[in-house]
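Peer 1: What follows is the file target_39.csv, containing CSV, C-alpha atoms:
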```
chain,number,residue,atom,x,y,z
A,1,MET,CA,108.1,-76.3,-63.0
A,2,PHE,CA,111.7,-75.6,-64.1
A,3,GLU,CA,113.1,-74.0,-67.2
A,4,LYS,CA,116.3,-75.3,-68.7
A,5,LEU,CA,119.4,-73.4,-67.7
A,6,PRO,CA,121.2,-71.4,-70.3
A,7,LYS,CA,124.4,-72.6,-72.0
A,8,LEU,CA,127.4,-71.0,-70.4
A,9,PRO,CA,131.1,-71.1,-71.2
A,10,GLY,CA,133.7,-72.7,-68.9
A,11,LYS,CA,132.9,-75.0,-66.0
A,12,LEU,CA,129.3,-74.0,-65.7
A,13,GLY,CA,128.7,-74.7,-69.4
A,14,GLU,CA,130.2,-78.2,-68.8
A,15,ILE,CA,128.0,-79.2,-65.8
A,16,LEU,CA,124.7,-77.6,-66.5
A,17,PRO,CA,121.9,-78.7,-68.9
A,18,LYS,CA,121.7,-77.4,-72.4
A,19,SER,CA,120.6,-73.9,-73.3
A,20,ARG,CA,117.1,-72.4,-73.0
A,21,GLY,CA,118.3,-69.4,-75.0
A,22,PRO,CA,121.5,-68.4,-76.9
A,23,ASP,CA,122.4,-65.3,-74.9
A,24,SER,CA,123.7,-66.2,-71.4
A,25,THR,CA,124.5,-62.6,-70.6
A,26,LYS,CA,120.8,-62.0,-70.0
A,27,CYS,CA,120.7,-64.5,-67.2
A,28,TYR,CA,120.0,-63.4,-63.6
A,29,THR,CA,122.8,-65.0,-61.6
A,30,LEU,CA,123.0,-65.9,-58.0
A,31,ALA,CA,125.4,-63.0,-57.5
A,32,ASP,CA,122.8,-60.6,-58.8
A,33,LEU,CA,120.2,-62.0,-56.4
A,34,ILE,CA,122.5,-61.8,-53.4
A,35,GLU,CA,123.3,-58.1,-54.1
A,36,GLU,CA,119.6,-57.3,-54.3
A,37,ILE,CA,118.9,-59.2,-51.1
A,38,LYS,CA,121.6,-57.2,-49.3
A,39,GLN,CA,120.0,-53.9,-50.4
A,40,ILE,CA,116.7,-55.0,-48.8
A,41,GLU,CA,118.5,-55.9,-45.5
A,42,PRO,CA,115.8,-58.5,-44.9
A,43,THR,CA,114.3,-59.6,-41.6
A,44,PRO,CA,114.5,-63.3,-40.9
A,45,ARG,CA,110.9,-63.8,-42.2
A,46,ALA,CA,111.7,-62.0,-45.4
A,47,LEU,CA,114.8,-64.0,-46.0
A,48,PHE,CA,112.9,-67.2,-45.3
A,49,LEU,CA,110.4,-66.2,-48.0
A,50,ILE,CA,113.2,-65.6,-50.5
A,51,GLY,CA,114.7,-69.0,-49.7
A,52,ARG,CA,111.3,-70.7,-50.1
A,53,GLU,CA,110.3,-69.0,-53.3
A,54,LEU,CA,113.7,-69.0,-55.1
A,55,ILE,CA,116.5,-71.0,-53.6
A,56,TYR,CA,114.4,-74.1,-52.8
A,57,HIS,CA,113.5,-74.4,-56.5
A,58,GLU,CA,117.1,-74.1,-57.6
A,59,LEU,CA,118.1,-76.7,-55.1
A,60,LEU,CA,115.5,-79.2,-56.4
A,61,PHE,CA,116.7,-78.4,-60.0
A,62,CYS,CA,120.3,-79.1,-59.0
A,63,LYS,CA,119.5,-82.3,-57.2
A,64,ARG,CA,117.7,-83.5,-60.4
A,65,ASN,CA,120.3,-82.4,-62.9
A,66,LEU,CA,123.6,-82.4,-61.0
A,67,GLY,CA,123.0,-84.9,-58.2
A,68,GLU,CA,122.8,-84.4,-54.4
A,69,GLU,CA,126.6,-84.8,-54.0
A,70,HIS,CA,127.6,-82.1,-56.5
A,71,GLU,CA,129.3,-79.1,-55.0
A,72,ILE,CA,126.7,-76.6,-56.5
A,73,THR,CA,123.9,-78.7,-55.0
A,74,GLN,CA,125.7,-78.7,-51.6
A,75,HIS,CA,126.2,-74.9,-51.7
A,76,PHE,CA,122.5,-74.4,-52.4
A,77,THR,CA,121.6,-76.7,-49.5
A,78,ASP,CA,123.8,-74.6,-47.2
A,79,LEU,CA,122.3,-71.4,-48.5
A,80,LEU,CA,118.7,-72.6,-48.1
A,81,GLU,CA,119.4,-73.7,-44.5
A,82,PHE,CA,120.9,-70.3,-43.8
A,83,MET,CA,117.9,-68.4,-45.2
A,84,GLN,CA,115.3,-70.6,-43.5
A,85,SER,CA,116.8,-71.0,-40.1
A,86,GLY,CA,120.5,-70.3,-39.8
A,87,TYR,CA,120.2,-66.5,-40.1
A,88,GLU,CA,117.6,-66.3,-37.4
A,89,GLN,CA,119.4,-68.8,-35.1
A,90,ARG,CA,122.7,-66.9,-35.4
A,91,LEU,CA,121.0,-63.6,-34.6
A,92,VAL,CA,119.1,-65.0,-31.6
A,93,ARG,CA,122.2,-66.7,-30.2
A,94,GLY,CA,124.2,-63.4,-30.4
A,95,GLU,CA,126.5,-64.5,-33.2
A,96,LEU,CA,125.2,-61.6,-35.3
A,97,GLY,CA,124.3,-58.1,-34.2
A,98,VAL,CA,127.6,-57.0,-32.7
A,99,GLY,CA,130.2,-54.4,-33.8
A,100,SER,CA,129.8,-53.4,-37.4
A,101,ASN,CA,127.5,-56.3,-38.3
A,102,THR,CA,124.5,-55.6,-40.4
A,103,PRO,CA,122.2,-58.0,-42.3
A,104,SER,CA,124.4,-57.3,-45.4
A,105,THR,CA,127.7,-58.1,-43.7
A,106,ALA,CA,126.1,-61.2,-42.1
A,107,ILE,CA,125.2,-62.5,-45.5
A,108,ASP,CA,128.7,-61.7,-46.9
A,109,HIS,CA,130.3,-63.5,-44.0
A,110,PHE,CA,128.2,-66.6,-44.5
A,111,LEU,CA,129.0,-66.7,-48.2
A,112,SER,CA,132.7,-65.8,-47.8
A,113,ASP,CA,133.9,-69.4,-48.3
A,114,LYS,CA,131.7,-70.1,-51.4
A,115,PRO,CA,133.6,-70.4,-54.8
A,116,ALA,CA,133.1,-67.9,-57.6
A,117,LEU,CA,131.5,-70.7,-59.7
A,118,PHE,CA,128.6,-70.7,-57.3
A,119,PHE,CA,127.9,-67.0,-57.7
A,120,GLU,CA,127.9,-67.4,-61.5
A,121,TYR,CA,125.1,-69.8,-61.4
A,122,PRO,CA,122.2,-68.7,-63.6
A,123,LEU,CA,118.8,-68.8,-61.8
A,124,GLY,CA,116.0,-70.6,-63.6
A,125,ARG,CA,113.3,-68.1,-62.9
A,126,SER,CA,112.7,-65.0,-65.0
A,127,LYS,CA,113.8,-61.6,-63.9
A,128,LYS,CA,110.2,-60.6,-63.7
A,129,GLN,CA,109.4,-63.5,-61.3
A,130,ILE,CA,112.5,-62.7,-59.2
A,131,ARG,CA,111.6,-59.0,-59.0
A,132,ARG,CA,108.1,-59.9,-57.9
A,133,ILE,CA,109.4,-62.1,-55.1
A,134,LEU,CA,112.0,-59.6,-54.0
A,135,ASN,CA,109.3,-56.9,-53.8
A,136,ILE,CA,107.2,-59.1,-51.6
A,137,ALA,CA,110.3,-59.7,-49.4
A,138,LYS,CA,110.8,-55.9,-49.2
A,139,GLU,CA,107.2,-55.4,-48.1
A,140,GLN,CA,107.6,-58.1,-45.5
A,141,THR,CA,110.7,-56.5,-44.2
A,142,ALA,CA,108.9,-53.1,-43.9
A,143,LYS,CA,106.0,-54.8,-42.1
A,144,ASP,CA,108.3,-56.6,-39.7
A,145,ASN,CA,110.4,-53.5,-38.9
A,146,ALA,CA,107.2,-51.6,-38.1
A,147,GLU,CA,106.3,-54.3,-35.6
A,148,TYR,CA,109.8,-54.3,-34.1
A,149,GLU,CA,109.8,-50.5,-33.8
A,150,LYS,CA,106.6,-50.7,-31.8
A,151,MET,CA,108.3,-53.2,-29.5
A,152,ILE,CA,111.2,-51.0,-28.6
A,153,ASP,CA,109.4,-48.6,-26.3
A,154,GLY,CA,107.7,-51.5,-24.5
A,155,ILE,CA,111.0,-53.3,-23.9
A,156,LYS,CA,112.6,-50.1,-22.7
A,157,LYS,CA,109.8,-49.5,-20.2
A,158,ALA,CA,110.2,-53.1,-19.0
A,159,ILE,CA,113.9,-52.5,-18.5
A,160,GLU,CA,113.1,-49.4,-16.4
A,161,GLU,CA,111.3,-51.7,-14.0
A,162,GLU,CA,113.9,-54.5,-14.2
A,163,PRO,CA,117.2,-52.9,-15.1
A,164,GLU,CA,119.2,-56.0,-14.1
A,165,ASN,CA,117.2,-58.4,-16.4
A,166,GLU,CA,119.7,-59.6,-19.0
A,167,ASP,CA,117.0,-61.2,-21.1
A,168,LEU,CA,115.2,-57.9,-21.6
A,169,TRP,CA,118.5,-56.2,-22.6
A,170,ASN,CA,119.0,-59.0,-25.1
A,171,GLN,CA,115.5,-58.6,-26.5
A,172,LEU,CA,116.3,-54.9,-26.9
A,173,ARG,CA,119.4,-55.8,-28.8
A,174,LEU,CA,117.5,-57.9,-31.2
A,175,VAL,CA,114.8,-55.4,-32.1
A,176,LEU,CA,117.3,-52.5,-32.3
A,177,TRP,CA,119.5,-54.5,-34.7
A,178,LEU,CA,116.7,-55.6,-36.9
A,179,THR,CA,115.5,-52.0,-37.2
A,180,GLY,CA,118.9,-50.8,-38.3
A,181,CYS,CA,120.1,-49.3,-34.9
A,182,HIS,CA,123.2,-51.3,-34.9
A,183,GLU,CA,125.3,-49.2,-32.6
A,184,GLU,CA,122.6,-49.1,-30.0
A,185,ALA,CA,122.1,-52.8,-30.4
A,186,THR,CA,125.8,-53.4,-29.7
A,187,GLU,CA,125.5,-51.4,-26.5
A,188,ALA,CA,122.4,-53.3,-25.4
A,189,PHE,CA,124.1,-56.6,-26.1
A,190,GLU,CA,127.2,-55.6,-24.1
A,191,LYS,CA,124.9,-54.7,-21.2
A,192,ALA,CA,123.1,-58.1,-21.5
A,193,LYS,CA,126.4,-60.0,-21.4
A,194,LYS,CA,127.6,-58.0,-18.4
A,195,LEU,CA,124.5,-59.0,-16.6
A,196,GLY,CA,125.1,-62.7,-17.4
A,197,TRP,CA,123.3,-63.3,-20.6
A,198,ASP,CA,124.6,-66.5,-22.3
A,199,PRO,CA,123.1,-68.4,-25.3
A,200,GLU,CA,123.6,-71.7,-23.6
A,201,THR,CA,121.9,-70.8,-20.3
A,202,SER,CA,119.7,-67.8,-21.0
A,203,LYS,CA,116.3,-67.5,-22.5
A,204,LEU,CA,116.3,-67.4,-26.3
A,205,VAL,CA,113.4,-65.5,-28.0
A,206,ALA,CA,111.8,-66.1,-31.3
A,207,ILE,CA,111.8,-63.3,-33.8
```
Write the structure described by the file as structure tokens, please.

Peer 2:
Amino acid sequence: MFEKLPKLPGKLGEILPKSRGPDSTKCYTLADLIEEIKQIEPTPRALFLIGRELIYHELLFCKRNLGEEHEITQHFTDLLEFMQSGYEQRLVRGELGVGSNTPSTAIDHFLSDKPALFFEYPLGRSKKQIRRILNIAKEQTAKDNAEYEKMIDGIKKAIEEEPENEDLWNQLRLVLWLTGCHEEATEAFEKAKKLGWDPETSKLVAI
């Protein structure tokens, strides 16, 4: 299932298994993957897919070769949790989608406390495999966004009938943010909060 990781200089070279090839410069690193993910600006479903198809396999590899307590393994555990549930939960609870937040900045914020060593980690899958998975994620994002855009008009019509419904304003915030209308999403969220929306007491919707 897993290829051996390439031999690298420095700390990674000391902790990872022996080389699968002499030229480590050809490796696709985690930093490379993160940059491409940010360009996609994935929906929660698309990010879940990337986590399942790429990060999960790296996590298993690290558990096997580095041990469950190693810092790299722990960072992959955190990253997988963020991709498969944390990103969506933070968005639904209103922890994302305000001010200048975008999917890209949300990912940056989550990764801000991770060490440089983690980003230098070479992924075990080939560039061709990674590109294929990222293309699928891009298609999923486009499909999801088309669905969200269809929802916007329906939610706005519902708000016309119930302008004081904080849950509807929050739903509008979610679909606007996910379709890239971040300023409008912020305005809708401010309205929802003024009407009393609160993640602890209000209705939370699945995306």

Peer 1: Just checking: using all atoms listed in the file, which residue out of A:Lys150, A:Lys38, A:Lys191, A:Lys128 ends up closest to Trp169 (chain A)?

Peer 2: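 So, comparing all the options, the nearest one is A:Lys191.
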
Peer 1: Using all atoms listed in the file, collect all residues at a distance of at most 10 Å from (108.1, -59.6, -46.3) as written in the file, then present them as a CSV table (one decimal) with C-alpha atoms, in the coordinates of the input.

Peer 2:
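As written to disk, point_12.csv reads:
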```csv
chain,number,residue,atom,x,y,z
A,42,PRO,CA,115.8,-58.5,-44.9
A,43,THR,CA,114.3,-59.6,-41.6
A,44,PRO,CA,114.5,-63.3,-40.9
A,45,ARG,CA,110.9,-63.8,-42.2
A,46,ALA,CA,111.7,-62.0,-45.4
A,47,LEU,CA,114.8,-64.0,-46.0
A,48,PHE,CA,112.9,-67.2,-45.3
A,49,LEU,CA,110.4,-66.2,-48.0
A,50,ILE,CA,113.2,-65.6,-50.5
A,133,ILE,CA,109.4,-62.1,-55.1
A,134,LEU,CA,112.0,-59.6,-54.0
A,135,ASN,CA,109.3,-56.9,-53.8
A,136,ILE,CA,107.2,-59.1,-51.6
A,137,ALA,CA,110.3,-59.7,-49.4
A,138,LYS,CA,110.8,-55.9,-49.2
A,139,GLU,CA,107.2,-55.4,-48.1
A,140,GLN,CA,107.6,-58.1,-45.5
A,141,THR,CA,110.7,-56.5,-44.2
A,142,ALA,CA,108.9,-53.1,-43.9
A,143,LYS,CA,106.0,-54.8,-42.1
A,144,ASP,CA,108.3,-56.6,-39.7
A,145,ASN,CA,110.4,-53.5,-38.9
```

Peer 1: Using Å and a single decimal, report how far CA of Ala106 (chain A) sits from CA of Arg90 (chain A).

Peer 2: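 About the pair CA of Arg90 (chain A) and CA of Ala106 (chain A): they are 9.4 Å apart.
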
Peer 1: Find the distance between CA of Gly124 (chain A) and CA of Thr29 (chain A) and write it in Å to one decimal.

Peer 2: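 Those two atoms sit 9.0 Å apart.
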
Peer 1: Which residue is closest to Lys157 (chain A)? Choose from A:Leu172, A:Glu35, A:Glu71, A:Cys181 and count only C-alpha atoms.

Peer 2: A:Leu172

Peer 1: Pick from A:Leu33, A:Ile72, A:Ile152, A:Leu91: nearest to Val175 (chain A), with only C-alpha atoms counted?

Peer 2: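 Checking each of A:Leu33, A:Ile72, A:Ile152, A:Leu91 against Val175 (chain A), counting only C-alpha atoms, the winner is A:Ile152.
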
Peer 1: Nearest to Lys63 (chain A): which of A:Thr179, A:Thr77, A:Thr102, A:Gln39 is it, counting only C-alpha atoms?

Peer 2: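 Checking each of A:Thr179, A:Thr77, A:Thr102, A:Gln39 against Lys63 (chain A), counting only C-alpha atoms, the winner is A:Thr77.
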
Peer 1: Could you check how far CA of Arg125 (chain A) sits from CA of Tyr87 (chain A), in Å to one decimal?

Peer 2: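 One can read the CA of Arg125 (chain A) to CA of Tyr87 (chain A) distance as 23.9 Å.
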
Peer 1: With all atoms listed in the file as the basis for distance, which of A:Arg132, A:Lys127, A:His70, A:Lys193 is at the shortest distance from Asp32 (chain A)?

Peer 2: A:Lys127

Peer 1: For a quick check of understanding, using only C-alpha atoms, which of A:Leu174, A:Arg52, A:Ile130, A:Ser85 has the smallest distance to Glu187 (chain A)?

Peer 2: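 Distance minimum relative to Glu187 (chain A) lands on A:Leu174.
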
Peer 1: Could you list, with a cut-off of 12 Å and counting all atoms listed in the file, the residues of region 37-92 of chain A near region 109-122 of chain A, each shown with its nearest atom pair and the distance in Å rounded to one decimal, rows sorted by chain and ascending number, as JSON lines?

Peer 2:
```
{"residue": "A:Lys38", "atom": "CA", "partner": "A:His109", "partner_atom": "CA", "distance": 12.0}
{"residue": "A:Ile55", "atom": "CA", "partner": "A:Tyr121", "partner_atom": "CA", "distance": 11.7}
{"residue": "A:Glu58", "atom": "CA", "partner": "A:Pro122", "partner_atom": "CA", "distance": 9.5}
{"residue": "A:Leu59", "atom": "CA", "partner": "A:Tyr121", "partner_atom": "CA", "distance": 11.7}
{"residue": "A:Phe61", "atom": "CA", "partner": "A:Pro122", "partner_atom": "CA", "distance": 11.7}
{"residue": "A:Cys62", "atom": "CA", "partner": "A:Tyr121", "partner_atom": "CA", "distance": 10.7}
{"residue": "A:His70", "atom": "CA", "partner": "A:Phe118", "partner_atom": "CA", "distance": 11.5}
{"residue": "A:Glu71", "atom": "CA", "partner": "A:Phe118", "partner_atom": "CA", "distance": 8.7}
{"residue": "A:Ile72", "atom": "CA", "partner": "A:Phe118", "partner_atom": "CA", "distance": 6.2}
{"residue": "A:Thr73", "atom": "CA", "partner": "A:Phe118", "partner_atom": "CA", "distance": 9.6}
{"residue": "A:Gln74", "atom": "CA", "partner": "A:Phe118", "partner_atom": "CA", "distance": 10.2}
{"residue": "A:His75", "atom": "CA", "partner": "A:Lys114", "partner_atom": "CA", "distance": 7.3}
{"residue": "A:Phe76", "atom": "CA", "partner": "A:Phe118", "partner_atom": "CA", "distance": 8.7}
{"residue": "A:Asp78", "atom": "CA", "partner": "A:Leu111", "partner_atom": "CA", "distance": 9.5}
{"residue": "A:Leu79", "atom": "CA", "partner": "A:Leu111", "partner_atom": "CA", "distance": 8.2}
{"residue": "A:Leu80", "atom": "CA", "partner": "A:Phe110", "partner_atom": "CA", "distance": 11.8}
{"residue": "A:Glu81", "atom": "CA", "partner": "A:Phe110", "partner_atom": "CA", "distance": 11.3}
{"residue": "A:Phe82", "atom": "CA", "partner": "A:Phe110", "partner_atom": "CA", "distance": 8.2}
{"residue": "A:Met83", "atom": "CA", "partner": "A:Phe110", "partner_atom": "CA", "distance": 10.5}
{"residue": "A:Gly86", "atom": "CA", "partner": "A:Phe110", "partner_atom": "CA", "distance": 9.8}
{"residue": "A:Tyr87", "atom": "CA", "partner": "A:Phe110", "partner_atom": "CA", "distance": 9.1}
{"residue": "A:Arg90", "atom": "CA", "partner": "A:Phe110", "partner_atom": "CA", "distance": 10.6}
```

Peer 1: Would you write out those residues with C-alpha atoms, as a JSON list (two decimals), keeping the file's coordinate frame?

Peer 2:
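Output file again_31.json follows:
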```json
[["chain", "number", "residue", "atom", "x", "y", "z"],
["A", 38, "LYS", "CA", 121.60, -57.20, -49.30],
["A", 55, "ILE", "CA", 116.50, -71.00, -53.60],
["A", 58, "GLU", "CA", 117.10, -74.10, -57.60],
["A", 59, "LEU", "CA", 118.10, -76.70, -55.10],
["A", 61, "PHE", "CA", 116.70, -78.40, -60.00],
["A", 62, "CYS", "CA", 120.30, -79.10, -59.00],
["A", 70, "HIS", "CA", 127.60, -82.10, -56.50],
["A", 71, "GLU", "CA", 129.30, -79.10, -55.00],
["A", 72, "ILE", "CA", 126.70, -76.60, -56.50],
["A", 73, "THR", "CA", 123.90, -78.70, -55.00],
["A", 74, "GLN", "CA", 125.70, -78.70, -51.60],
["A", 75, "HIS", "CA", 126.20, -74.90, -51.70],
["A", 76, "PHE", "CA", 122.50, -74.40, -52.40],
["A", 78, "ASP", "CA", 123.80, -74.60, -47.20],
["A", 79, "LEU", "CA", 122.30, -71.40, -48.50],
["A", 80, "LEU", "CA", 118.70, -72.60, -48.10],
["A", 81, "GLU", "CA", 119.40, -73.70, -44.50],
["A", 82, "PHE", "CA", 120.90, -70.30, -43.80],
["A", 83, "MET", "CA", 117.90, -68.40, -45.20],
["A", 86, "GLY", "CA", 120.50, -70.30, -39.80],
["A", 87, "TYR", "CA", 120.20, -66.50, -40.10],
["A", 90, "ARG", "CA", 122.70, -66.90, -35.40]]
```
